$ cat structure30.cif   # mmCIF, C-alpha atoms
data_run
#
loop_
_atom_site.label_atom_id
_atom_site.label_comp_id
_atom_site.auth_asym_id
_atom_site.auth_seq_id
_atom_site.Cartn_x
_atom_site.Cartn_y
_atom_site.Cartn_z
CA MET A 1 0.00 0.00 0.00
CA PHE A 2 1.05 3.55 -0.65
CA GLU A 3 1.06 6.21 2.05
CA ASN A 4 -1.91 8.12 0.64
CA ASP A 5 -4.08 5.05 0.05
CA ARG A 6 -7.01 4.55 2.36
CA LEU A 7 -9.05 1.47 2.97
CA GLU A 8 -12.65 2.24 2.20
CA SER A 9 -15.71 0.16 2.83
CA MET A 10 -18.75 -0.45 0.72
CA GLN A 11 -22.19 -0.18 2.23
CA ILE A 12 -25.24 -1.85 0.76
CA LEU A 13 -28.52 -0.11 1.56
CA ARG A 14 -32.03 -1.47 1.46
CA ASP A 15 -34.70 0.57 -0.33
CA THR A 16 -35.91 2.25 2.87
CA ASP A 17 -32.39 3.24 3.97
CA PHE A 18 -31.66 4.66 0.56
CA PHE A 19 -34.87 6.72 0.52
CA ASN A 20 -34.11 7.98 4.05
CA LEU A 21 -30.73 9.16 2.81
CA PHE A 22 -32.49 11.25 0.16
CA GLN A 23 -34.99 12.63 2.66
CA ASN A 24 -32.13 13.91 4.86
CA GLY A 25 -31.17 16.22 2.00
CA ALA A 26 -27.96 16.93 0.15
CA SER A 27 -26.40 18.83 3.04
CA GLY A 28 -26.06 15.73 5.21
CA LYS A 29 -22.56 14.53 6.11
CA GLU A 30 -23.33 11.06 4.72
CA TRP A 31 -23.21 12.46 1.18
CA LYS A 32 -19.57 13.53 1.56
CA ARG A 33 -18.53 9.90 1.93
CA ILE A 34 -20.42 8.60 -1.12
CA ARG A 35 -18.37 7.99 -4.25
CA ASN A 36 -20.68 5.73 -6.24
CA VAL A 37 -24.34 4.79 -6.25
CA GLN A 38 -25.18 1.60 -8.06
CA THR A 39 -28.66 0.27 -8.58
CA CYS A 40 -29.90 -3.18 -9.40
CA ILE A 41 -32.97 -4.44 -11.18
CA LYS A 42 -35.93 -5.98 -9.40
CA SER A 43 -36.02 -9.72 -9.93
CA LYS A 44 -36.91 -12.68 -7.76
CA THR A 45 -34.46 -14.89 -9.62
CA GLY A 46 -30.96 -13.43 -9.86
CA VAL A 47 -30.61 -10.41 -12.13
CA GLY A 48 -33.66 -11.15 -14.27
CA LYS A 49 -34.36 -13.10 -17.42
CA PRO A 50 -31.22 -12.92 -19.59
CA ILE A 51 -31.47 -11.83 -23.23
CA ILE A 52 -28.28 -12.19 -25.24
CA ILE A 53 -27.95 -10.59 -28.66
CA GLU A 54 -25.18 -11.62 -31.05
CA PHE A 55 -24.99 -8.40 -33.03
CA THR A 56 -23.32 -8.34 -36.45
CA ALA A 57 -23.54 -5.21 -38.58
CA THR A 58 -24.68 -5.42 -42.18
CA PRO A 59 -21.60 -4.64 -44.28
CA PRO A 60 -21.70 -1.66 -46.64
CA VAL A 61 -22.91 -2.38 -50.15
CA ARG A 62 -20.28 -1.98 -52.81
CA ASN A 63 -19.62 -2.81 -56.39
CA ASP A 64 -17.05 -1.76 -58.97
CA LYS A 65 -18.46 1.75 -59.43
CA THR A 66 -19.71 2.82 -56.01
CA ARG A 67 -18.74 2.13 -52.47
CA VAL A 68 -20.80 2.99 -49.41
CA LYS A 69 -18.36 4.28 -46.83
CA GLU A 70 -20.37 3.83 -43.64
CA ILE A 71 -22.33 0.99 -42.10
CA LYS A 72 -26.01 1.95 -41.90
CA TYR A 73 -27.42 1.24 -38.44
CA ASP A 74 -31.11 1.40 -39.37
CA PHE A 75 -32.75 1.35 -35.94
CA ARG A 76 -35.73 3.43 -37.15
CA SER A 77 -37.03 0.57 -39.30
CA TYR A 78 -37.72 -1.53 -36.19
CA GLY A 79 -40.81 0.46 -35.21
CA ASP A 80 -42.23 1.43 -31.84
CA GLU A 81 -40.32 0.15 -28.81
CA ILE A 82 -43.29 0.00 -26.45
CA SER A 83 -45.24 -2.11 -28.95
CA MET A 84 -42.28 -4.50 -29.25
CA ILE A 85 -42.12 -5.01 -25.48
CA ARG A 86 -45.90 -5.35 -25.06
CA SER A 87 -46.11 -7.92 -27.86
CA GLY A 88 -43.25 -9.94 -26.33
CA ASN A 89 -40.84 -9.16 -29.15
CA GLU A 90 -37.89 -8.78 -26.78
CA THR A 91 -35.21 -9.83 -29.27
CA ASP A 92 -36.16 -7.13 -31.78
CA TYR A 93 -36.34 -4.55 -28.97
CA CYS A 94 -32.82 -5.46 -27.84
CA MET A 95 -31.53 -5.47 -31.42
CA LYS A 96 -32.92 -1.96 -31.86
CA GLN A 97 -31.04 -0.85 -28.74
CA CYS A 98 -27.82 -2.36 -30.15
CA LEU A 99 -28.34 -0.45 -33.40
CA LYS A 100 -28.93 2.79 -31.48
CA MET A 101 -25.71 2.32 -29.50
CA CYS A 102 -23.76 1.61 -32.68
CA TYR A 103 -25.27 4.63 -34.42
CA TYR A 104 -24.29 6.88 -31.51
CA ILE A 105 -20.72 5.53 -31.45
CA GLN A 106 -20.44 5.95 -35.21
CA LYS A 107 -21.64 9.56 -35.22
CA MET A 108 -19.84 10.70 -32.07
CA HIS A 109 -16.52 8.84 -32.34
CA SER A 110 -16.10 7.93 -36.05
CA ILE A 111 -15.89 4.25 -35.14
CA GLU A 112 -18.09 1.49 -36.52
CA VAL A 113 -19.10 -1.45 -34.37
CA VAL A 114 -18.86 -4.49 -36.61
CA LYS A 115 -19.73 -7.17 -34.09
CA MET A 116 -20.54 -7.49 -30.38
CA ARG A 117 -22.33 -9.64 -27.88
CA CYS A 118 -24.85 -7.64 -25.85
CA HIS A 119 -26.34 -8.80 -22.57
CA PHE A 120 -29.75 -7.52 -21.50
CA ALA A 121 -31.99 -8.54 -18.60
CA LYS A 122 -35.76 -8.37 -18.15
CA ASP A 123 -36.89 -7.57 -14.62
CA ASP A 124 -40.08 -8.54 -12.77
CA ASN A 125 -41.79 -5.34 -13.95
CA GLY A 126 -41.25 -6.20 -17.63
CA SER A 127 -38.54 -3.57 -18.18
CA ILE A 128 -35.53 -4.57 -20.26
CA TRP A 129 -32.12 -3.33 -19.14
CA PHE A 130 -28.82 -3.23 -21.01
CA ILE A 131 -26.23 -4.87 -18.76
CA PHE A 132 -22.97 -5.00 -20.73
CA ALA A 133 -21.37 -5.80 -24.09
CA SER A 134 -18.47 -8.14 -24.77
CA ASN A 135 -16.50 -9.45 -27.75
CA ILE A 136 -16.68 -6.04 -29.39
CA PHE A 137 -15.07 -5.62 -32.81
CA THR A 138 -14.79 -2.14 -34.29
CA ARG A 139 -13.22 -0.35 -37.22
CA ASP A 140 -12.69 3.28 -38.13
CA ILE A 141 -15.17 4.73 -40.59
CA LEU A 142 -13.88 4.16 -44.09
CA GLY A 143 -12.73 7.40 -45.66
CA SER A 144 -12.57 9.29 -42.38
CA LYS A 145 -9.48 11.30 -41.49
CA HIS A 146 -8.75 8.95 -38.57
CA ALA A 147 -8.98 5.84 -40.82
CA ALA A 148 -6.49 7.33 -43.27
CA VAL A 149 -3.96 7.89 -40.48
CA SER A 150 -4.49 4.35 -39.18
CA ALA A 151 -4.03 2.92 -42.66
CA LYS A 152 -0.75 4.79 -43.07
CA VAL A 153 0.59 3.39 -39.83
CA VAL A 154 -0.47 -0.14 -40.71
CA LYS A 155 0.93 0.25 -44.22
CA TYR A 156 4.45 0.16 -42.86
CA ILE A 157 3.77 -2.85 -40.64
CA ASN A 158 1.92 -5.50 -42.63
CA LYS A 159 0.14 -5.29 -46.01
CA GLU A 160 -2.31 -8.14 -45.27
CA HIS A 161 -3.28 -6.68 -41.92
CA GLN A 162 -3.83 -3.28 -43.53
CA LYS A 163 -6.20 -4.82 -46.08
CA GLN A 164 -8.24 -6.46 -43.31
CA LEU A 165 -8.58 -3.20 -41.40
CA VAL A 166 -9.44 -1.02 -44.37
CA ASP A 167 -11.79 -3.48 -46.08
#

$ encode --input "structure30.cif" --output "structure tokens"
Amino acid sequence: MFENDRLESMQILRDTDFFNLFQNGASGKEWKRIRNVQTCIKSKTGVGKPIIIEFTATPPVRNDKTRVKEIKYDFRSYGDEISMIRSGNETDYCMKQCLKMCYYIQKMHSIEVVKMRCHFAKDDNGSIWFIFASNIFTRDILGSKHAAVSAKVVKYINKEHQKQLVD
């Protein structure tokens, strides 16, 4: 241990204790000790009914004359989310959420998610929660400034590897 390190404890609160903490107000001394607040979903059996989505993006269409540069994450074509949940179409609902996440990452960070495994859980109230994603494969957007720099770096390392990244 380093000199400035402190041992800190974690406290788990029941619903009533947590609500009492809020009723005491933000000026209470308890709030100065809190670093994180983590919630959990309501389920009688573990963390809820698991829903696992193996997401694979549809590759851009290309031929000899034209080449689409970006993957199209078409989440809008899936329709109304509430209707999907009410009709028991949980898989499509979760797929739409995957597409929304990928769209956001693409637009905000110029990265395309090519493949990932997403874990969702359905609680006792019928709500579906995104838990985490694993086995995530990404690539830079083709034609973006960042992709061109990456391709240059790879170019000097390995021609085959460069082709895999750019294509």

$ atom_distance --input "structure30.cif" --atom1 "CA of Ile53 in chain A" --atom2 "CA of Arg117 in chain A"
5.8 Å

$ closest_residue --input "structure30.cif" --among "A:Asn20, A:Ser134, A:Cys102, A:Gly48" --to "Met116 in chain A" --atoms "only C-alpha atoms"
A:Ser134

$ atom_distance --input "structure30.cif" --atom1 "CA of Ser77 in chain A" --atom2 "CA of Ser127 in chain A"
21.6 Å

$ atom_distance --input "structure30.cif" --atom1 "CA of Asp80 in chain A" --atom2 "CA of Met101 in chain A"
16.7 Å

$ closest_residue --input "structure30.cif" --among "A:Ile131, A:Phe120, A:Arg76, A:Ile51" --to "Tyr103 in chain A" --atoms "only C-alpha atoms"
A:Arg76

$ residues_around --input "structure30.cif" --residues "range 85-90 of chain A" --least-positions-apart "6" --cutoff "12 Å" --atoms "only C-alpha atoms" --output "PyMOL selection string"
chain A and resi 49-53+78-79+96-97+120-122+125-129

$ write_last_selection --input "structure30.cif" --atoms "C-alpha atoms" --output "short mmCIF file (atom, residue, chain, number, x, y, z; two decimals), keeping the file's coordinate frame"
data_model
loop_
_atom_site.label_atom_id
_atom_site.label_comp_id
_atom_site.auth_asym_id
_atom_site.auth_seq_id
_atom_site.Cartn_x
_atom_site.Cartn_y
_atom_site.Cartn_z
CA LYS A 49 -34.36 -13.10 -17.42
CA PRO A 50 -31.22 -12.92 -19.59
CA ILE A 51 -31.47 -11.83 -23.23
CA ILE A 52 -28.28 -12.19 -25.24
CA ILE A 53 -27.95 -10.59 -28.66
CA TYR A 78 -37.72 -1.53 -36.19
CA GLY A 79 -40.81 0.46 -35.21
CA LYS A 96 -32.92 -1.96 -31.86
CA GLN A 97 -31.04 -0.85 -28.74
CA PHE A 120 -29.75 -7.52 -21.50
CA ALA A 121 -31.99 -8.54 -18.60
CA LYS A 122 -35.76 -8.37 -18.15
CA ASN A 125 -41.79 -5.34 -13.95
CA GLY A 126 -41.25 -6.20 -17.63
CA SER A 127 -38.54 -3.57 -18.18
CA ILE A 128 -35.53 -4.57 -20.26
CA TRP A 129 -32.12 -3.33 -19.14
#

$ resolve_selection --input "structure30.cif" --expression "the PyMOL selection byres ((chain A and resi 138-140) around 6)" --output "PyMOL selection string"
chain A and resi 111-114+137+141+147

$ axis_aligned_box --input "structure30.cif" --around "range 82-93 of chain A" --padding-each-side "4 Å" --output "lines of an AutoDock Vina configuration file"
center_x = -40.7
center_y = -5.0
center_z = -28.4
size_x = 18.9
size_y = 17.9
size_z = 14.7

$ closest_residue --input "structure30.cif" --among "A:His109, A:Thr91, A:Thr16, A:Leu99" --to "Thr58 in chain A" --atoms "all atoms listed in the file"
A:Leu99

$ closest_residue --input "structure30.cif" --among "A:Ser83, A:Tyr104, A:Phe55, A:Ile71" --to "Ala133 in chain A" --atoms "only C-alpha atoms"
A:Phe55
